Structure formats: C-alpha cells, structure tokens
>>> print(open('start22.cif').read())   # mmCIF, C-alpha atoms
data_input
#
loop_
_atom_site.label_atom_id
_atom_site.label_comp_id
_atom_site.auth_asym_id
_atom_site.auth_seq_id
_atom_site.Cartn_x
_atom_site.Cartn_y
_atom_site.Cartn_z
CA ILE A 248 89.46 93.75 132.57
CA ASP A 249 88.03 96.04 135.23
CA ARG A 250 89.93 97.42 138.20
CA THR A 251 88.17 100.65 139.21
CA ASP A 252 84.99 102.66 138.72
CA ASP A 253 86.85 105.91 138.05
CA CYS A 254 88.84 105.62 134.85
CA VAL A 255 88.86 105.83 131.08
CA THR A 256 87.08 102.85 129.52
CA VAL A 257 88.77 101.43 126.42
CA VAL A 258 86.36 99.47 124.19
CA LEU A 259 87.93 97.17 121.57
CA VAL A 260 85.73 96.45 118.55
CA PRO A 261 86.87 93.69 116.15
CA GLY A 262 86.29 93.58 112.42
CA TYR A 263 84.35 91.41 109.98
CA GLY A 264 84.70 87.69 110.67
CA ILE A 265 87.01 88.34 113.62
CA ASP A 266 86.41 87.93 117.36
CA HIS A 267 87.73 89.70 120.45
CA SER A 268 90.79 87.43 120.75
CA VAL A 269 92.41 89.31 117.87
CA PHE A 270 93.17 92.05 120.40
CA ALA A 271 95.25 89.80 122.66
CA PRO A 272 98.56 91.50 121.77
CA LEU A 273 96.99 94.91 122.39
CA VAL A 274 95.47 93.89 125.73
CA HIS A 275 98.82 92.52 126.86
CA GLU A 276 100.58 95.79 126.11
CA LEU A 277 97.79 97.87 127.69
CA ARG A 278 97.49 95.71 130.81
CA ASP A 279 98.30 98.72 133.02
CA LEU A 280 94.99 100.36 132.07
CA ASP A 281 92.12 100.13 134.53
CA ARG A 282 89.23 99.09 132.26
CA ILE A 283 89.29 97.34 128.89
CA VAL A 284 86.06 96.04 127.38
CA LEU A 285 86.15 93.24 124.80
CA PHE A 286 83.13 91.72 123.11
CA ASP A 287 82.06 89.69 120.08
CA ARG A 288 79.43 91.09 117.74
CA ARG A 289 76.42 88.91 116.98
CA GLY A 290 77.33 85.76 115.09
CA HIS A 291 81.05 86.08 115.91
CA GLY A 292 83.19 84.38 118.51
CA ASP A 293 81.13 83.43 121.56
CA SER A 294 78.04 85.53 120.71
CA ASP A 295 74.82 84.01 119.41
CA ALA A 296 74.00 84.60 115.77
CA GLY A 297 70.35 85.55 116.22
CA ASP A 298 68.32 86.29 113.12
CA VAL A 299 70.70 86.89 110.20
CA ALA A 300 68.04 89.13 108.66
CA SER A 301 68.88 91.62 111.43
CA TYR A 302 72.46 92.14 110.27
CA SER A 303 72.21 95.75 109.15
CA LEU A 304 74.87 98.29 109.99
CA ASP A 305 72.32 100.21 112.04
CA ARG A 306 71.51 97.12 114.14
CA LEU A 307 75.19 96.39 114.69
CA SER A 308 75.81 100.00 115.75
CA GLN A 309 72.94 99.72 118.24
CA ASP A 310 74.58 96.61 119.69
CA LEU A 311 77.81 98.58 120.05
CA GLU A 312 76.01 101.46 121.76
CA GLU A 313 74.46 99.03 124.24
CA VAL A 314 77.89 97.59 125.09
CA ILE A 315 79.39 101.04 125.59
CA SER A 316 76.48 102.25 127.72
CA GLU A 317 76.55 99.10 129.85
CA PHE A 318 80.23 99.19 130.72
CA ALA A 319 81.31 102.84 130.58
CA ASN A 320 79.78 103.76 133.98
CA ALA A 321 79.58 107.38 132.74
CA ASN A 322 83.38 107.53 132.49
CA PRO A 323 85.15 108.78 129.34
CA VAL A 324 85.33 106.16 126.61
CA VAL A 325 88.02 105.54 124.00
CA VAL A 326 86.92 103.17 121.24
CA VAL A 327 89.48 101.21 119.23
CA ALA A 328 87.58 99.94 116.19
CA HIS A 329 88.92 97.72 113.42
CA SER A 330 87.46 97.50 109.90
CA LEU A 331 83.72 96.80 110.22
CA GLY A 332 83.98 97.98 113.82
CA GLY A 333 85.05 101.40 112.56
CA MET A 334 82.08 101.48 110.22
CA GLU A 335 79.80 100.64 113.13
CA ILE A 336 81.18 103.53 115.18
CA LEU A 337 80.75 105.96 112.25
CA GLN A 338 77.17 104.73 111.83
CA LEU A 339 76.62 105.31 115.55
CA ALA A 340 78.04 108.83 115.21
CA GLY A 341 75.50 109.62 112.52
CA ARG A 342 72.62 108.11 114.50
CA SER A 343 73.52 109.29 118.03
CA PRO A 344 75.87 112.28 117.66
CA ALA A 345 75.30 113.45 121.26
CA LEU A 346 77.38 110.50 122.52
CA PHE A 347 80.51 111.88 120.87
CA GLY A 348 82.51 114.47 122.75
CA SER A 349 80.51 113.72 125.90
CA LEU A 350 80.74 109.99 126.66
CA ILE A 351 82.91 108.87 123.74
CA ARG A 352 85.98 111.12 123.90
CA GLY A 353 88.46 109.27 121.72
CA LEU A 354 88.56 106.99 118.69
CA VAL A 355 91.27 104.89 117.09
CA LEU A 356 89.98 103.90 113.65
CA VAL A 357 91.97 100.97 112.33
CA ALA A 358 91.85 99.85 108.68
CA THR A 359 88.35 101.18 108.09
CA ALA A 360 86.43 103.51 105.79
CA ALA A 361 83.57 105.99 105.63
CA SER A 362 82.72 104.88 102.09
CA THR A 363 84.15 102.24 99.80
CA GLY A 364 83.26 103.40 96.31
CA ASP A 365 84.78 100.96 93.80
CA GLN A 366 88.08 100.52 95.64
CA ASN A 367 87.30 97.54 97.84
CA GLU A 368 88.48 94.31 96.20
CA PHE A 369 86.67 92.39 98.90
CA VAL A 370 83.19 93.02 97.49
CA SER A 371 83.65 94.55 94.05
CA ALA A 372 82.85 91.56 91.81
CA ARG A 373 79.73 89.44 91.37
CA PRO A 374 79.22 86.20 93.31
CA ILE A 375 79.97 83.05 91.31
CA GLY A 376 76.48 81.61 91.66
CA GLN A 377 74.63 78.53 92.83
CA ALA A 378 77.61 76.19 92.71
CA VAL A 379 79.09 77.89 95.78
CA HIS A 380 75.90 79.23 97.38
CA HIS A 381 76.89 77.57 100.67
CA LEU A 382 79.96 79.82 100.94
CA ALA A 383 79.87 83.37 102.18
CA GLN A 384 79.53 85.73 99.24
CA PRO A 385 82.88 87.46 99.78
CA VAL A 386 84.70 84.13 99.77
CA ALA A 387 83.00 83.12 96.55
CA THR A 388 83.67 86.52 95.01
CA MET A 389 87.35 86.53 95.83
CA LEU A 390 87.78 82.99 94.53
CA MET A 391 86.32 84.03 91.20
CA MET A 392 88.43 87.17 91.03
CA HIS A 393 91.72 85.58 92.09
CA PRO A 394 92.08 81.92 91.12
CA GLU A 395 95.82 82.23 91.75
CA ILE A 396 95.25 82.26 95.53
CA THR A 397 93.43 78.93 95.75
CA GLN A 398 96.65 77.03 96.44
CA PRO A 399 97.17 77.40 100.20
CA SER A 400 100.59 78.14 101.62
CA SER A 401 102.03 76.15 104.51
CA ALA A 402 100.58 78.78 106.87
CA SER A 403 97.03 78.36 105.62
CA GLN A 404 95.73 74.91 104.77
CA SER A 405 92.17 75.77 103.76
CA LEU A 406 90.33 77.99 101.31
CA VAL A 407 89.59 80.46 104.06
CA GLY A 408 93.23 80.33 105.04
CA ALA A 409 94.42 81.08 101.53
CA LEU A 410 92.02 83.99 101.23
CA ALA A 411 93.00 85.37 104.63
CA ASP A 412 96.69 85.03 103.79
CA HIS A 413 96.23 86.94 100.55
CA TYR A 414 93.80 89.63 101.67
CA PHE A 415 94.29 90.22 105.37
CA PHE A 416 98.06 90.28 105.79
CA GLY A 417 101.09 92.15 104.57
CA SER A 418 104.15 90.60 103.02
CA HIS A 419 106.07 90.04 106.27
CA SER A 420 103.39 88.55 108.51
CA ALA A 421 104.14 85.68 110.88
CA LYS A 422 102.60 82.32 110.00
CA GLN A 423 101.20 81.95 113.51
CA SER A 424 99.27 85.21 113.18
CA ILE A 425 97.74 83.97 109.93
CA LYS A 426 96.75 80.64 111.52
CA GLN A 427 95.08 82.39 114.46
CA THR A 428 93.10 84.66 112.17
CA VAL A 429 92.03 81.72 110.02
CA ALA A 430 90.76 79.94 113.14
CA MET A 431 88.56 82.96 113.95
CA LEU A 432 87.18 83.20 110.43
CA GLU A 433 86.38 79.50 110.28
CA LYS A 434 84.28 79.76 113.46
CA VAL A 435 81.83 82.17 111.80
CA SER A 436 78.90 80.70 109.89
CA PRO A 437 78.94 81.42 106.14
CA ASP A 438 75.32 82.57 106.54
CA VAL A 439 76.50 85.24 108.98
CA LEU A 440 79.35 86.36 106.73
CA ALA A 441 77.08 86.53 103.69
CA ALA A 442 74.36 88.41 105.58
CA MET A 443 76.75 91.30 106.20
CA VAL A 444 78.01 91.69 102.63
CA PRO A 445 75.37 94.33 101.71
CA ILE A 446 76.86 96.59 104.40
CA PHE A 447 80.04 96.93 102.36
CA GLN A 448 78.30 97.21 99.01
CA SER A 449 76.33 100.32 99.99
CA LEU A 450 78.63 101.99 102.49
CA GLU A 451 78.11 105.73 102.92
CA LEU A 452 79.02 107.06 106.37
CA ARG A 453 80.66 110.40 105.66
CA SER A 454 77.86 112.35 107.34
CA GLY A 455 78.70 110.65 110.64
CA VAL A 456 82.12 112.29 110.64
CA LEU A 457 80.47 115.63 111.47
CA ALA A 458 79.80 114.37 114.99
CA LEU A 459 83.51 113.77 115.64
CA GLN A 460 84.75 117.36 115.69
CA ASP A 461 85.20 117.32 119.50
CA VAL A 462 86.63 113.80 119.65
CA GLU A 463 90.32 112.90 119.72
CA VAL A 464 90.79 110.68 116.66
CA ALA A 465 93.68 108.59 115.35
CA ILE A 466 93.46 106.81 111.98
CA VAL A 467 95.73 103.81 111.44
CA VAL A 468 96.04 101.68 108.30
CA GLY A 469 98.44 99.15 106.85
CA GLU A 470 100.35 100.22 103.77
CA GLN A 471 99.57 96.88 102.09
CA ASP A 472 95.90 96.62 103.13
CA ARG A 473 93.91 94.95 100.34
CA VAL A 474 90.56 94.94 102.15
CA THR A 475 90.27 98.62 103.09
CA PRO A 476 93.12 100.19 101.10
CA ALA A 477 95.12 103.06 102.56
CA SER A 478 93.43 105.40 100.08
CA LEU A 479 90.19 104.97 102.07
CA SER A 480 91.93 106.07 105.27
CA LEU A 481 93.38 109.04 103.41
CA GLU A 482 89.86 109.98 102.38
CA LEU A 483 88.70 109.60 105.96
CA HIS A 484 91.53 111.88 107.10
CA GLU A 485 90.49 114.52 104.58
CA LEU A 486 87.04 114.52 106.18
CA MET A 487 88.54 115.15 109.64
CA PRO A 488 91.94 116.81 109.24
CA GLN A 489 92.15 117.27 113.03
CA ALA A 490 92.79 113.51 113.29
CA THR A 491 96.24 111.96 113.16
CA LEU A 492 96.96 109.54 110.30
CA THR A 493 99.47 106.70 110.50
CA VAL A 494 100.23 104.42 107.54
CA VAL A 495 102.15 101.41 108.85
CA PRO A 496 104.77 100.04 106.40
CA ASP A 497 104.80 96.37 105.33
CA THR A 498 101.46 95.78 107.04
CA GLY A 499 98.10 94.58 105.74
CA HIS A 500 94.58 94.67 107.15
CA MET A 501 95.39 93.08 110.53
CA VAL A 502 97.37 95.94 112.05
CA MET A 503 96.70 94.87 115.64
CA VAL A 504 98.51 91.55 115.16
CA GLU A 505 101.03 92.65 112.53
CA ALA A 506 102.16 95.86 114.24
CA PRO A 507 100.75 95.90 117.79
CA ASP A 508 103.41 98.28 119.11
CA GLU A 509 102.42 100.95 116.60
CA LEU A 510 98.76 100.58 117.48
CA VAL A 511 99.48 100.67 121.22
CA ALA A 512 101.34 103.95 120.75
CA GLN A 513 98.34 105.46 118.97
CA VAL A 514 95.91 104.25 121.63
CA ARG A 515 98.03 105.69 124.44
CA ASN A 516 98.33 108.99 122.62
CA VAL A 517 94.56 109.26 122.28
CA ILE A 518 94.03 108.33 125.93
CA ASN A 519 96.50 111.02 127.00
CA HIS A 520 94.49 113.66 125.12
CA VAL A 521 90.96 112.87 126.29
#
>>> encode(input="start22.cif", output="structure tokens")
Amino acid sequence: IDRTDDCVTVVLVPGYGIDHSVFAPLVHELRDLDRIVLFDRRGHGDSDAGDVASYSLDRLSQDLEEVISEFANANPVVVVAHSLGGMEILQLAGRSPALFGSLIRGLVLVATAASTGDQNEFVSARPIGQAVHHLAQPVATMLMMHPEITQPSSASQSLVGALADHYFFGSHSAKQSIKQTVAMLEKVSPDVLAAMVPIFQSLELRSGVLALQDVEVAIVVGEQDRVTPASLSLELHELMPQATLTVVPDTGHMVMVEAPDELVAQVRNVINHV
C-alpha cells in the first residue's frame, strides 16, 4: 500500500512458517496510513526458496535490510516484526547499527526473543530420527515431546494443524484463525522449515539491543505463548527498559490475529512518537 512519497513507512515482517497474509487484520485497521510494506521471506508465501543452505539469520537479516532500503525512500521506518522477524531485526541491529535511530525510528517486537536459552519448547528436544526425516525438525520434535496433541481438533485436521493449534494459539482463539495459519504453514516446504531450525538452537542477539537506544520500541507478547514464552519478552524488556511492554491476556503466539486491536494500538503509539 503506497499513497505518497513523504510519510512514515511501516514494514510488516512475519514469523517462522508464516507469510504476509497473517497481517491482514492489522493492514485493515491501519488502512489510513500512507505506506505499508508487506513481503514474504525466502521460502515462504510467494517468495522463491533459493538455496536452503543460505538460511542463516544473517542472510535473512540482509534480505530484510534490502526490503527496507528499497521501499523506505529515505523516510522514517517503523518495523512491526513477529517472532523470527523480530530476531531478524535484532540481528540487523547488531550488524548495521547505523540504520537504527536514523532510518529505522520505531520497532514493534511481537512474540520474539533476543535469546532462547532452554525455555523454548519449540526446539528444546532431539529430533525423532530417520523415520520422520521428511518432516521439518520442529514438527518431528514436538510430536515426540507431546504425543497428546496428535489427535486434531475440528479446527485443525492435519498434523500441522494440531501442532499449530497447540503451540501457536491461546485458549480462546477462533477456529477460522487457526485454519488460516495452518494453510500458511502447509505451504512452506519441510526442507525450508528444517533449514531454519539451527537459528533457534543457537540464538544470541542481546548485543544488537545496544543499537536500539534511540529507537521507539514496543514489546508485545501473548500471555499463553508456548513458542516464545512471555518470560523471553520480559528478558528483552530488561535489556531495553525504555521500551514499553504489553502482555496480552488469553493470547498465544499469534498476537496479530488473536488480538489485532491491541497490536494496532501499540503500532499507532510508536508511529506517534517517531
């Protein structure tokens, strides 16, 4: 969405396994803004996969920098980054700190982390081996860890659906939101999903936070997030106490579809302060 050359550019960065359409509720509520940039990272949505060997966090952050540089037109940028998207922006802050406070003026970090430690259920156990080598490693891992979630509910009629239902959503999520998220996940090749697993297993991005001292930052996380638990957002807030922190009740990892109004309020607040 692009209406003028003189405005704040809002860049929406989706998370792991998710494409740009996840931001549809947000785009609808922010339709009065002049420029909103949506894109799919490599291997997701409508973007080509390329060489899966290239799926490092540094490469993904370079892709993000190229998108921002291409569409910002030297105007102030506010980045709304979900999950892996937030990790990409923190990686970019560590690699290219001069962008922050100059071009990138605001961040809304949604359900993300600067480090995972041992808290992330999503990647904490070992893969279950050759019998499921065709599945993405996180899917195989979660199946081993939680056999109780292999019986899909009426909202999710596949293995991916059952996993998404259990991990991505809070206790009061609409069935339609779950179905839409499942459709996005099922579009991504298991090879692509598996290629990115090492990113989460060795995540250490706290040094990148130092570049954000002159950036308006809001941190938003679901109270019931099982992928990037609220404790990780609390840790992130401790690293940058100038940021605002919002923990959304009865909400899981998919804040932008479970509680879009709350996220819209945070985005508008950041825009108003840049």
>>> atom_distance(input="start22.cif", atom1="atom CA of Thr498 of chain A", atom2="atom CA of Thr359 of chain A")
14.2 Å
>>> residues_near_point(input="start22.cif", point="(80.2, 113.4, 107.1)", cutoff="10 Å", atoms="all atoms listed in the file", output="PyMOL selection string")
chain A and resi 337+340-341+361+451-459+483+486-487
>>> resolve_selection(input="start22.cif", expression="the PyMOL selection byres ((chain A and resi 260-265) around 7)", output="list in words")
Val258, Leu259, Asp266, His267, Val269, His291, Val327, Ala328, His329, Ser330, Leu331, Gly332, Met431, Leu432, Val435 and Leu440 of chain A
>>> resolve_selection(input="start22.cif", expression="the PyMOL selection byres ((chain A and resi 491) around 6)", output="list in words")
Ala465, Ile466, Ala490 and Leu492 of chain A
>>> residues_near_point(input="start22.cif", point="(102.8, 107.8, 112.8)", cutoff="9 Å", atoms="all atoms listed in the file", output="number ranges by chain")
A: 467, 491-495, 509, 512-513
>>> closest_residue(input="start22.cif", among="A:Thr363, A:Thr256, A:Ser436, A:Thr428", to="Ser480 of chain A", atoms="only C-alpha atoms")
A:Thr363
>>> atom_distance(input="start22.cif", atom1="atom CA of His413 of chain A", atom2="atom CA of Arg473 of chain A")
8.3 Å
>>> resolve_selection(input="start22.cif", expression="the PyMOL selection byres ((chain A and resi 518) around 12)", output="MDAnalysis selection string")
chainID A and resid 254:258 277 280 323:327 351:355 462:465 511:517 519:521
>>> write_last_selection(input="start22.cif", atoms="C-alpha atoms", output="mmCIF file, in the frame of the given file")
data_model
loop_
_atom_site.group_PDB
_atom_site.id
_atom_site.type_symbol
_atom_site.label_atom_id
_atom_site.label_comp_id
_atom_site.auth_asym_id
_atom_site.auth_seq_id
_atom_site.Cartn_x
_atom_site.Cartn_y
_atom_site.Cartn_z
ATOM 1 C CA CYS A 254 88.840 105.620 134.850
ATOM 2 C CA VAL A 255 88.860 105.830 131.080
ATOM 3 C CA THR A 256 87.080 102.850 129.520
ATOM 4 C CA VAL A 257 88.770 101.430 126.420
ATOM 5 C CA VAL A 258 86.360 99.470 124.190
ATOM 6 C CA LEU A 277 97.790 97.870 127.690
ATOM 7 C CA LEU A 280 94.990 100.360 132.070
ATOM 8 C CA PRO A 323 85.150 108.780 129.340
ATOM 9 C CA VAL A 324 85.330 106.160 126.610
ATOM 10 C CA VAL A 325 88.020 105.540 124.000
ATOM 11 C CA VAL A 326 86.920 103.170 121.240
ATOM 12 C CA VAL A 327 89.480 101.210 119.230
ATOM 13 C CA ILE A 351 82.910 108.870 123.740
ATOM 14 C CA ARG A 352 85.980 111.120 123.900
ATOM 15 C CA GLY A 353 88.460 109.270 121.720
ATOM 16 C CA LEU A 354 88.560 106.990 118.690
ATOM 17 C CA VAL A 355 91.270 104.890 117.090
ATOM 18 C CA VAL A 462 86.630 113.800 119.650
ATOM 19 C CA GLU A 463 90.320 112.900 119.720
ATOM 20 C CA VAL A 464 90.790 110.680 116.660
ATOM 21 C CA ALA A 465 93.680 108.590 115.350
ATOM 22 C CA VAL A 511 99.480 100.670 121.220
ATOM 23 C CA ALA A 512 101.340 103.950 120.750
ATOM 24 C CA GLN A 513 98.340 105.460 118.970
ATOM 25 C CA VAL A 514 95.910 104.250 121.630
ATOM 26 C CA ARG A 515 98.030 105.690 124.440
ATOM 27 C CA ASN A 516 98.330 108.990 122.620
ATOM 28 C CA VAL A 517 94.560 109.260 122.280
ATOM 29 C CA ASN A 519 96.500 111.020 127.000
ATOM 30 C CA HIS A 520 94.490 113.660 125.120
ATOM 31 C CA VAL A 521 90.960 112.870 126.290
#
>>> atom_distance(input="start22.cif", atom1="atom CA of Pro272 of chain A", atom2="atom CA of Ala506 of chain A")
9.4 Å
>>> closest_atom_pairs(input="start22.cif", of="segment 439-507 of chain A", to="segment 293-312 of chain A", cutoff="10 Å", atoms="only C-alpha atoms", output="JSON lines")
{"residue": "A:Val439", "atom": "CA", "partner": "A:Val299", "partner_atom": "CA", "distance": 6.2}
{"residue": "A:Leu440", "atom": "CA", "partner": "A:Val299", "partner_atom": "CA", "distance": 9.3}
{"residue": "A:Ala441", "atom": "CA", "partner": "A:Val299", "partner_atom": "CA", "distance": 9.1}
{"residue": "A:Ala442", "atom": "CA", "partner": "A:Val299", "partner_atom": "CA", "distance": 6.1}
{"residue": "A:Met443", "atom": "CA", "partner": "A:Tyr302", "partner_atom": "CA", "distance": 6.0}
{"residue": "A:Val444", "atom": "CA", "partner": "A:Tyr302", "partner_atom": "CA", "distance": 9.5}
{"residue": "A:Pro445", "atom": "CA", "partner": "A:Ser303", "partner_atom": "CA", "distance": 8.2}
{"residue": "A:Ile446", "atom": "CA", "partner": "A:Leu304", "partner_atom": "CA", "distance": 6.2}
{"residue": "A:Phe447", "atom": "CA", "partner": "A:Leu304", "partner_atom": "CA", "distance": 9.3}
{"residue": "A:Leu450", "atom": "CA", "partner": "A:Leu304", "partner_atom": "CA", "distance": 9.2}
>>> closest_residue(input="start22.cif", among="A:Ala360, A:Ala271, A:Val284, A:Met501", to="Pro476 of chain A", atoms="only C-alpha atoms")
A:Ala360
>>> residues_around(input="start22.cif", residues="Asp472 of chain A", least_positions_apart="5", cutoff="8 Å", atoms="all atoms listed in the file", output="number ranges by chain")
A: 358, 414-417, 477, 498-500
>>> decode(input="start22.cif", residues="segment 442-484 of chain A", atoms="C-alpha atoms", output="mmCIF file, in the first residue's frame")
data_model
loop_
_atom_site.group_PDB
_atom_site.id
_atom_site.type_symbol
_atom_site.label_atom_id
_atom_site.label_comp_id
_atom_site.auth_asym_id
_atom_site.auth_seq_id
_atom_site.Cartn_x
_atom_site.Cartn_y
_atom_site.Cartn_z
ATOM 1 C CA ALA A 442 16.851 -25.426 7.388
ATOM 2 C CA MET A 443 15.972 -22.626 9.803
ATOM 3 C CA VAL A 444 15.892 -24.710 12.992
ATOM 4 C CA PRO A 445 19.581 -24.008 13.841
ATOM 5 C CA ILE A 446 18.700 -20.304 14.088
ATOM 6 C CA PHE A 447 16.601 -21.005 17.171
ATOM 7 C CA GLN A 448 19.007 -23.501 18.697
ATOM 8 C CA SER A 449 21.887 -21.010 18.881
ATOM 9 C CA LEU A 450 20.081 -17.710 19.310
ATOM 10 C CA GLU A 451 22.138 -14.947 20.929
ATOM 11 C CA LEU A 452 21.150 -11.428 19.868
ATOM 12 C CA ARG A 453 21.434 -9.400 23.051
ATOM 13 C CA SER A 454 24.339 -7.334 21.710
ATOM 14 C CA GLY A 455 22.065 -5.988 18.959
ATOM 15 C CA VAL A 456 19.877 -4.317 21.563
ATOM 16 C CA LEU A 457 22.614 -1.722 22.141
ATOM 17 C CA ALA A 458 21.792 -0.171 18.770
ATOM 18 C CA LEU A 459 18.190 0.499 19.795
ATOM 19 C CA GLN A 460 18.744 3.175 22.433
ATOM 20 C CA ASP A 461 17.450 5.953 20.122
ATOM 21 C CA VAL A 462 14.584 3.899 18.685
ATOM 22 C CA GLU A 463 10.984 3.952 19.911
ATOM 23 C CA VAL A 464 10.286 0.331 20.874
ATOM 24 C CA ALA A 465 7.156 -1.537 21.934
ATOM 25 C CA ILE A 466 7.326 -5.201 23.021
ATOM 26 C CA VAL A 467 4.132 -7.248 22.748
ATOM 27 C CA VAL A 468 3.636 -10.889 23.742
ATOM 28 C CA GLY A 469 0.756 -13.244 24.397
ATOM 29 C CA GLU A 470 0.323 -14.404 27.975
ATOM 30 C CA GLN A 471 -0.134 -18.003 26.777
ATOM 31 C CA ASP A 472 2.653 -18.039 24.164
ATOM 32 C CA ARG A 473 4.253 -21.503 24.075
ATOM 33 C CA VAL A 474 6.709 -20.764 21.255
ATOM 34 C CA THR A 475 8.408 -17.645 22.614
ATOM 35 C CA PRO A 476 7.139 -17.533 26.207
ATOM 36 C CA ALA A 477 6.387 -14.207 27.868
ATOM 37 C CA SER A 478 9.489 -14.672 30.027
ATOM 38 C CA LEU A 479 11.609 -14.076 26.906
ATOM 39 C CA SER A 480 9.868 -10.751 26.268
ATOM 40 C CA LEU A 481 10.415 -9.826 29.911
ATOM 41 C CA GLU A 482 14.110 -10.509 29.427
ATOM 42 C CA LEU A 483 14.088 -8.391 26.289
ATOM 43 C CA HIS A 484 12.433 -5.559 28.219
#
